[in-house]
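Visitor: Below is the file work.txt, with compact mmCIF, C-alpha atoms.
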```txt
# COMPACT_ATOMS: atom_id res chain seq x y z
CA MET A 1288 103.25 71.16 147.44
CA LEU A 1289 102.09 67.63 147.83
CA ASN A 1290 98.53 68.10 146.64
CA THR A 1291 99.54 68.60 143.02
CA ASP A 1292 99.64 65.63 140.67
CA GLN A 1293 103.05 66.92 139.60
CA ASP A 1294 104.60 66.21 142.98
CA ILE A 1295 102.66 62.99 143.39
CA LEU A 1296 104.15 61.62 140.18
CA LYS A 1297 107.60 62.89 141.18
CA ALA A 1298 107.19 61.08 144.50
CA ALA A 1299 106.34 57.90 142.57
CA GLU A 1300 109.53 58.34 140.55
CA ASP A 1301 111.58 58.90 143.73
CA TRP A 1302 110.06 55.85 145.45
CA HIS A 1303 110.83 53.70 142.40
CA LYS A 1304 114.43 54.93 142.26
CA ALA A 1305 114.76 54.14 145.96
CA GLY A 1306 113.82 50.54 145.17
CA ARG A 1307 110.26 50.58 146.49
CA GLY A 1308 107.34 48.78 144.85
CA VAL A 1309 104.94 51.45 143.59
CA ALA A 1310 101.38 51.49 142.24
CA LEU A 1311 99.45 54.31 140.56
CA ALA A 1312 95.69 54.61 141.01
CA THR A 1313 93.94 56.99 138.63
CA VAL A 1314 90.29 58.05 138.37
CA VAL A 1315 89.38 57.14 134.77
CA GLU A 1316 85.61 57.70 134.76
CA THR A 1317 83.10 59.49 136.93
CA TRP A 1318 79.30 59.68 137.01
CA GLY A 1319 77.13 61.95 139.08
CA SER A 1320 78.70 64.12 141.70
CA ALA A 1321 82.15 62.59 142.05
CA PRO A 1322 84.50 64.40 144.43
CA ARG A 1323 87.60 64.35 142.21
CA PRO A 1324 87.69 64.59 138.41
CA ALA A 1325 89.07 62.01 135.98
CA GLY A 1326 92.85 62.11 136.02
CA SER A 1327 93.09 62.52 139.80
CA SER A 1328 95.58 60.06 141.18
CA LEU A 1329 96.89 58.35 144.24
CA VAL A 1330 100.36 56.82 144.41
CA ILE A 1331 101.02 54.01 146.81
CA ASN A 1332 104.23 52.24 147.84
CA ASP A 1333 104.77 48.75 149.20
CA GLU A 1334 104.94 50.07 152.76
CA GLY A 1335 101.38 51.33 152.39
CA SER A 1336 102.39 55.01 152.27
CA PHE A 1337 100.27 57.02 149.85
CA LEU A 1338 100.00 60.53 148.42
CA GLY A 1339 97.23 62.27 146.51
CA SER A 1340 93.55 61.36 146.36
CA VAL A 1341 90.94 59.75 144.13
CA SER A 1342 87.94 60.86 146.21
CA GLY A 1343 87.22 63.09 149.15
CA GLY A 1344 88.81 60.47 151.37
CA CYS A 1345 85.90 58.01 151.20
CA VAL A 1346 87.54 55.17 149.28
CA GLU A 1347 91.29 55.78 149.58
CA GLY A 1348 91.69 53.08 152.22
CA ALA A 1349 90.16 50.47 149.93
CA VAL A 1350 92.22 51.64 146.96
CA VAL A 1351 95.43 51.36 148.99
CA THR A 1352 94.54 47.78 149.96
CA GLU A 1353 93.91 46.87 146.31
CA ALA A 1354 97.09 48.67 145.24
CA LEU A 1355 99.21 46.51 147.56
CA ASP A 1356 97.78 43.44 145.75
CA VAL A 1357 98.62 45.03 142.40
CA ILE A 1358 102.21 45.69 143.51
CA THR A 1359 102.52 42.00 144.43
CA SER A 1360 100.78 40.54 141.36
CA GLY A 1361 101.82 43.09 138.73
CA GLU A 1362 98.35 42.85 137.19
CA PRO A 1363 96.32 46.03 136.75
CA LYS A 1364 92.81 46.29 138.19
CA LEU A 1365 89.81 48.44 137.41
CA LEU A 1366 87.87 49.28 140.56
CA GLU A 1367 84.42 50.78 140.74
CA PHE A 1368 82.92 52.59 143.70
CA GLY A 1369 79.47 54.03 144.02
CA VAL A 1370 76.11 53.96 145.71
CA ALA A 1371 74.83 51.43 143.17
CA ASP A 1372 76.58 48.45 144.74
CA GLU A 1373 75.96 46.85 148.10
CA THR A 1374 79.42 47.61 149.41
CA ALA A 1375 78.57 51.30 149.28
CA TRP A 1376 77.85 51.20 152.98
CA GLN A 1377 81.39 50.08 153.62
CA VAL A 1378 83.47 52.18 151.28
CA GLY A 1379 81.01 54.03 149.06
CA LEU A 1380 80.83 57.63 148.10
CA SER A 1381 78.51 59.50 150.41
CA CYS A 1382 77.97 62.14 147.72
CA GLY A 1383 76.07 59.67 145.51
CA GLY A 1384 78.53 59.58 142.62
CA THR A 1385 80.26 56.64 140.99
CA ILE A 1386 83.93 56.47 140.07
CA ARG A 1387 86.15 53.97 138.27
CA VAL A 1388 89.75 53.78 139.39
CA PHE A 1389 92.49 52.14 137.32
CA VAL A 1390 95.23 50.68 139.51
CA GLU A 1391 98.53 49.70 137.89
CA LYS A 1392 101.99 48.78 139.03
CA LEU A 1393 104.92 50.98 138.17
CA GLY A 1394 107.08 48.50 136.34
CA GLU A 1395 107.85 46.88 133.00
CA ALA A 1396 104.82 46.32 130.76
CA ALA A 1397 102.90 43.15 131.56
CA ALA A 1398 101.80 42.49 127.96
CA GLY A 1399 98.40 40.93 127.51
CA LYS A 1400 97.45 41.27 131.14
CA GLY A 1401 94.20 43.13 131.06
CA ALA A 1402 92.57 44.93 133.91
CA ALA A 1403 90.44 42.42 135.74
CA GLY A 1404 87.00 43.89 136.28
CA HIS A 1405 86.41 44.34 139.94
CA LYS A 1406 83.30 45.82 141.40
CA GLY A 1407 83.68 47.48 144.71
CA VAL A 1408 85.62 45.88 147.50
CA ALA A 1409 83.66 43.23 149.32
CA SER A 1410 85.96 42.65 152.20
CA MET B 29 103.04 52.33 133.69
CA THR B 30 106.67 51.65 132.91
CA PRO B 31 109.33 53.61 134.79
CA GLN B 32 110.54 55.00 131.44
CA THR B 33 107.07 56.41 130.69
CA LEU B 34 106.86 57.98 134.15
CA PHE B 35 110.35 59.53 133.89
CA ALA B 36 109.55 60.91 130.41
CA LEU B 37 106.22 62.28 131.66
CA ASN B 38 107.86 63.96 134.65
CA ALA B 39 110.49 65.48 132.36
CA GLU B 40 107.77 66.99 130.13
CA ARG B 41 105.97 68.35 133.16
CA ALA B 42 109.15 69.84 134.62
CA ALA B 43 109.70 71.63 131.28
CA ARG B 44 106.08 72.95 131.30
CA ARG B 45 105.20 71.04 128.12
CA PRO B 46 101.73 69.43 127.98
CA ALA B 47 101.52 65.66 127.48
CA ILE B 48 98.83 62.97 127.37
CA VAL B 49 99.10 59.41 128.67
CA VAL B 50 96.89 57.11 126.58
CA THR B 51 95.82 53.91 128.37
CA ASP B 52 93.83 51.03 126.87
CA ILE B 53 91.88 50.08 129.97
CA ALA B 54 91.10 46.56 128.73
CA SER B 55 94.64 45.53 127.78
CA GLY B 56 96.69 47.84 130.00
CA ASP B 57 98.60 49.06 126.92
CA GLN B 58 99.90 52.54 127.48
CA ARG B 59 101.85 55.25 125.70
CA LEU B 60 102.94 58.83 126.29
CA VAL B 61 102.13 61.42 123.63
CA LYS B 62 104.02 64.70 123.95
CA ALA B 63 102.26 67.87 122.80
CA ALA B 64 104.76 68.30 119.96
CA ASP B 65 103.93 64.80 118.65
CA ILE B 66 100.14 65.13 118.66
CA ALA B 67 99.93 66.46 115.08
CA ARG B 68 101.40 63.26 113.61
CA ASP B 69 99.61 60.85 115.94
CA PRO B 70 96.91 58.55 114.48
CA LEU B 71 94.52 59.86 117.14
CA HIS B 72 95.49 63.50 116.62
CA ASP B 73 91.92 64.85 116.39
CA VAL B 74 90.86 63.17 119.63
CA LEU B 75 94.08 64.05 121.46
CA ASP B 76 94.01 67.65 120.31
CA ALA B 77 90.41 68.12 121.49
CA GLN B 78 91.20 66.52 124.85
CA LEU B 79 94.27 68.69 125.40
CA ARG B 80 92.34 71.85 124.55
CA SER B 81 89.67 70.91 127.07
CA GLY B 82 92.41 70.58 129.69
CA LYS B 83 90.53 67.65 131.20
CA SER B 84 91.22 63.94 131.37
CA GLY B 85 88.57 61.50 130.17
CA THR B 86 87.65 58.22 128.52
CA VAL B 87 87.00 58.02 124.76
CA GLU B 88 86.08 55.28 122.29
CA ALA B 89 88.52 55.08 119.37
CA GLY B 90 89.07 52.25 116.90
CA GLY B 91 86.77 49.96 118.89
CA LYS B 92 88.82 50.47 122.05
CA LYS B 93 88.07 52.27 125.26
CA LEU B 94 90.96 54.60 125.91
CA PHE B 95 91.65 56.73 128.96
CA LEU B 96 93.35 59.98 128.04
CA ASN B 97 95.13 61.48 131.04
CA VAL B 98 95.89 65.11 130.21
CA HIS B 99 98.89 66.54 132.02
CA ALA B 100 98.74 70.28 131.51
CA PRO B 101 101.49 72.40 133.06
CA ALA B 102 100.89 73.72 136.57
CA ALA B 103 99.41 77.19 136.55
CA ARG B 104 101.80 80.06 137.22
CA LEU B 105 101.21 83.53 138.59
CA VAL B 106 103.54 86.34 137.60
CA MET B 107 103.08 89.52 139.64
CA VAL B 108 104.58 92.80 138.64
CA GLY B 109 104.74 94.91 141.78
CA ALA B 110 106.15 93.81 145.12
CA VAL B 111 103.51 95.82 146.99
CA HIS B 112 101.46 95.12 150.10
CA ILE B 113 98.74 93.32 148.11
CA SER B 114 101.44 91.10 146.54
CA GLN B 115 102.61 90.08 150.02
CA ALA B 116 99.10 88.74 150.67
CA LEU B 117 98.58 87.40 147.14
CA ALA B 118 101.77 85.29 147.01
CA PRO B 119 100.85 82.89 149.85
CA VAL B 120 97.21 82.60 148.72
CA ALA B 121 98.33 81.75 145.17
CA ARG B 122 100.80 79.19 146.48
CA MET B 123 98.08 77.54 148.54
CA LEU B 124 96.18 77.15 145.24
CA ASP B 125 99.27 75.44 143.76
CA TYR B 126 100.43 78.29 141.54
CA ASP B 127 104.13 78.76 140.89
CA VAL B 128 104.59 82.38 141.95
CA THR B 129 107.13 84.93 140.69
CA VAL B 130 107.31 88.57 141.77
CA VAL B 131 108.89 91.24 139.57
CA ASP B 132 109.65 94.79 140.74
CA PRO B 133 112.65 96.95 139.75
CA ARG B 134 112.43 98.80 143.07
CA THR B 135 114.74 96.85 145.37
CA ALA B 136 113.20 98.41 148.48
CA PHE B 137 109.95 96.65 147.50
CA ALA B 138 111.36 93.43 146.06
CA SER B 139 113.20 92.39 149.18
CA PRO B 140 113.48 88.87 150.64
CA GLU B 141 112.39 90.28 154.02
CA ARG B 142 109.04 91.27 152.50
CA PHE B 143 108.75 88.07 150.39
CA PRO B 144 110.33 85.14 152.20
CA ASP B 145 110.64 82.05 149.97
CA VAL B 146 109.11 83.75 146.91
CA PRO B 147 111.21 83.99 143.72
CA LEU B 148 111.90 87.72 143.29
CA ILE B 149 113.28 89.49 140.23
CA ALA B 150 114.41 93.07 140.97
CA GLU B 151 114.56 94.16 137.32
CA TRP B 152 112.48 96.24 134.93
CA PRO B 153 109.82 94.25 133.05
CA ASP B 154 111.69 94.42 129.72
CA VAL B 155 114.59 92.53 131.34
CA ALA B 156 112.68 90.36 133.83
CA LEU B 157 109.72 89.11 131.78
CA PRO B 158 111.08 87.62 128.50
CA PRO B 159 113.17 84.89 130.25
CA LEU B 160 110.10 83.80 132.24
CA ASP B 161 108.59 82.46 129.00
CA ILE B 162 105.08 83.49 130.00
CA ASP B 163 102.62 81.03 128.39
CA PRO B 164 98.88 80.20 128.15
CA TYR B 165 99.13 78.47 131.54
CA THR B 166 100.25 81.70 133.19
CA ALA B 167 98.15 84.31 135.01
CA PHE B 168 99.60 87.80 135.05
CA VAL B 169 98.83 90.73 137.36
CA ALA B 170 100.17 94.28 137.31
CA LEU B 171 100.00 95.83 140.78
CA THR B 172 102.44 98.76 140.99
CA HIS B 173 100.06 101.63 140.10
CA ASP B 174 103.06 103.06 138.23
CA PRO B 175 102.57 103.26 134.43
CA LYS B 176 106.34 103.20 133.90
CA ILE B 177 106.37 99.67 135.28
CA ASP B 178 102.83 98.37 134.66
CA ASP B 179 102.38 99.46 131.02
CA PRO B 180 105.39 97.68 129.47
CA ALA B 181 104.66 94.64 131.64
CA LEU B 182 101.03 94.48 130.47
CA THR B 183 102.11 94.98 126.85
CA HIS B 184 104.44 91.99 127.14
CA ALA B 185 101.85 89.80 128.91
CA LEU B 186 99.18 90.64 126.29
CA SER B 187 101.48 89.30 123.56
CA ARG B 188 101.98 85.96 125.34
CA GLY B 189 98.44 84.56 125.47
CA CYS B 190 98.12 84.41 129.29
CA PHE B 191 94.87 82.83 130.46
CA TYR B 192 94.32 85.79 132.80
CA ILE B 193 95.59 89.36 132.90
CA GLY B 194 94.57 91.77 135.64
CA ALA B 195 95.65 95.28 136.56
CA LEU B 196 95.22 97.12 139.85
CA GLY B 197 93.63 100.56 139.75
CA SER B 198 90.28 102.31 139.89
CA ARG B 199 88.00 102.68 136.87
CA LYS B 200 89.44 106.16 136.37
CA THR B 201 93.03 104.91 136.54
CA HIS B 202 92.18 102.09 134.15
CA ALA B 203 90.50 104.48 131.68
CA LYS B 204 93.77 106.42 131.48
CA ARG B 205 95.68 103.15 131.06
CA VAL B 206 93.39 102.12 128.20
CA GLU B 207 94.10 105.44 126.48
CA ARG B 208 97.86 104.93 126.80
CA LEU B 209 97.75 101.33 125.54
CA ARG B 210 95.52 102.36 122.63
CA ALA B 211 97.95 105.16 121.75
CA ALA B 212 100.76 102.58 121.83
CA GLY B 213 98.91 100.57 119.17
CA ILE B 214 97.72 97.64 121.31
CA PRO B 215 94.72 95.96 119.61
CA GLU B 216 91.34 96.81 121.14
CA ALA B 217 90.44 93.16 121.83
CA GLN B 218 93.64 92.69 123.83
CA ILE B 219 93.02 95.82 125.87
CA ALA B 220 89.46 94.62 126.58
CA SER B 221 90.81 91.31 127.95
CA ILE B 222 92.48 93.06 130.91
CA HIS B 223 90.55 92.53 134.15
CA ALA B 224 90.34 95.98 135.71
CA PRO B 225 89.48 97.01 138.31
CA ILE B 226 91.11 93.74 139.32
CA GLY B 227 89.37 90.93 141.21
CA LEU B 228 85.83 89.74 141.87
CA ASP B 229 83.51 92.40 143.25
CA ILE B 230 83.25 91.14 146.84
CA GLY B 231 83.80 94.46 148.54
CA ALA B 232 87.40 93.58 149.40
CA VAL B 233 89.21 96.18 151.51
CA SER B 234 92.32 94.69 153.12
CA PRO B 235 95.25 93.34 151.10
CA ALA B 236 94.29 89.78 152.09
CA GLU B 237 90.69 90.30 150.96
CA ILE B 238 91.87 91.80 147.68
CA ALA B 239 94.13 88.76 147.25
CA VAL B 240 91.10 86.49 147.67
CA ALA B 241 89.13 88.58 145.14
CA ILE B 242 91.99 88.31 142.64
CA MET B 243 92.53 84.56 143.12
CA GLY B 244 88.76 83.98 142.83
CA GLN B 245 88.76 85.76 139.47
CA ILE B 246 91.88 83.88 138.30
CA THR B 247 90.32 80.55 139.34
CA ALA B 248 87.19 81.37 137.33
CA ALA B 249 89.35 82.22 134.30
CA LEU B 250 91.24 78.93 134.64
CA ARG B 251 88.28 76.65 135.24
CA LEU B 252 85.43 78.20 133.28
CA ARG B 253 87.26 78.89 130.05
CA LYS B 254 89.20 76.62 127.78
CA VAL B 255 92.90 77.24 127.97
CA GLU B 256 94.28 77.20 124.45
CA ALA B 257 97.06 74.67 124.47
CA LYS B 258 100.30 75.79 122.94
CA ALA B 259 102.13 73.01 121.14
CA ALA B 260 105.68 72.96 122.43
```
How does this structure look as structure tokens?

Guide:
Amino acid sequence: MLNTDQDILKAAEDWHKAGRGVALATVVETWGSAPRPAGSSLVINDEGSFLGSVSGGCVEGAVVTEALDVITSGEPKLLEFGVADETAWQVGLSCGGTIRVFVEKLGEAAAGKGAAGHKGVAS
Amino acid sequence: MTPQTLFALNAERAARRPAIVVTDIASGDQRLVKAADIARDPLHDVLDAQLRSGKSGTVEAGGKKLFLNVHAPAARLVMVGAVHISQALAPVARMLDYDVTVVDPRTAFASPERFPDVPLIAEWPDVALPPLDIDPYTAFVALTHDPKIDDPALTHALSRGCFYIGALGSRKTHAKRVERLRAAGIPEAQIASIHAPIGLDIGAVSPAEIAVAIMGQITAALRLRKVEAKAA
């Protein structure tokens, strides 16, 4: 079933083996009433297809957009979403929680490339 | 994440062995720690505690902020008894992402017509259960009402550290079962861990309602208690 992380990660493996660019987005921290716990993940390929979830559907669109950048650049990003920032009206969590999402490319290690802090998605 | 790390992680998960992915959020450095390697890891105390909690989270260790992504095996449900309730329970459990297996030596009950797409084992519990390698990530239910089948199955499940064990039957039926298990030398604490009458008390009547009552109780056992992690 496609709502388990097991199958999501297997899908990432299959996409990679099929030659697709792939990014993993994982909830690493939550505050307040976040819809999905830490460890929840979304996998995205370079066609914009995605599986899984990092929220109740509120911020997935923004995460997918960021993930496509990460697939291109190879540099991981740490995204934060919550009511505390002004972009909350665009892509925030209606439940009032805050989440941090680590987005990384599936590929060889990019040594020394840290996750650029990135608050919200002001687009 | 490197492809090698992902392939290794998926291999551990396919083999039902717990693993933790440790990520340094600041640097992007990452490594996979298999359950069997935790004991000799520099962070073994932290990793062990995180695995026992069954939850992923961020910790501070050695001046670094590390994200520990715990990959515990998917929960399984082993049912002994291919009865009417099992026909309702199998799809509900699958919807909740459990890997479902049905065991019943009576081939008239354990038939593919009654259980389409569900793995069926038409053998007695002493033959069927040991190869299933029932573990702490497994829920076990005995549903036949027949002591010849249920009792040996429960005895096996009790020895395997399942996170949930339930048995169908009224209080009266269960009292007789407790007497038999006690006479067979099963420790009192193990007998007391059996959920019987099975399921949450929601007044369930139909097989589908009983299935919901059982899955509600199993969900509570999974989420409200710590699952003891078994090192592979």

Visitor: I'd like to know which of B:Leu34, B:Leu94, B:Val131, B:Ala167 is closest to Ala54 (chain B), using all atoms listed in the file.

Guide: B:Leu94

Visitor: Please return, as a compact mmCIF listing (two decimals) with C-alpha atoms, in the coordinates of the input, all residues of chain B lying within 8 Å of chain A when only C-alpha atoms are considered.

Guide:
```
# COMPACT_ATOMS: atom_id res chain seq x y z
CA MET B 29 103.04 52.33 133.69
CA THR B 30 106.67 51.65 132.91
CA PRO B 31 109.33 53.61 134.79
CA LEU B 34 106.86 57.98 134.15
CA PHE B 35 110.35 59.53 133.89
CA ASN B 38 107.86 63.96 134.65
CA ARG B 41 105.97 68.35 133.16
CA ILE B 53 91.88 50.08 129.97
CA ALA B 54 91.10 46.56 128.73
CA SER B 55 94.64 45.53 127.78
CA GLY B 56 96.69 47.84 130.00
CA ASP B 57 98.60 49.06 126.92
CA LYS B 83 90.53 67.65 131.20
CA SER B 84 91.22 63.94 131.37
CA GLY B 85 88.57 61.50 130.17
CA THR B 86 87.65 58.22 128.52
CA PHE B 95 91.65 56.73 128.96
CA ASN B 97 95.13 61.48 131.04
CA VAL B 98 95.89 65.11 130.21
CA ALA B 102 100.89 73.72 136.57
CA ASP B 125 99.27 75.44 143.76
```

Visitor: Could you check how far CA of Leu1355 (chain A) sits from CA of Thr33 (chain B), in Å to one decimal?

Guide: 21.1 Å

Visitor: Quick one: residues within 10 Å of Asp76 (chain B), all atoms listed in the file counted, chain neighbours fewer than 3 positions away excluded, as number ranges by chain?

Guide: B: 48, 63, 66-67, 69, 71-73, 79-82, 257, 259

Visitor: Which is closer to Ala118 (chain B) than all the others in B:Ala239, B:Ala42, B:Leu250, B:Leu228, using only C-alpha atoms?

Guide: B:Ala239

Visitor: Of the residues B:Asp127, B:Glu141, B:Val106, B:Val120, which is the one nearest to His184 (chain B), using only C-alpha atoms?

Guide: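 Ranking B:Asp127, B:Glu141, B:Val106, B:Val120 by distance to His184 (chain B), first place goes to B:Val106.
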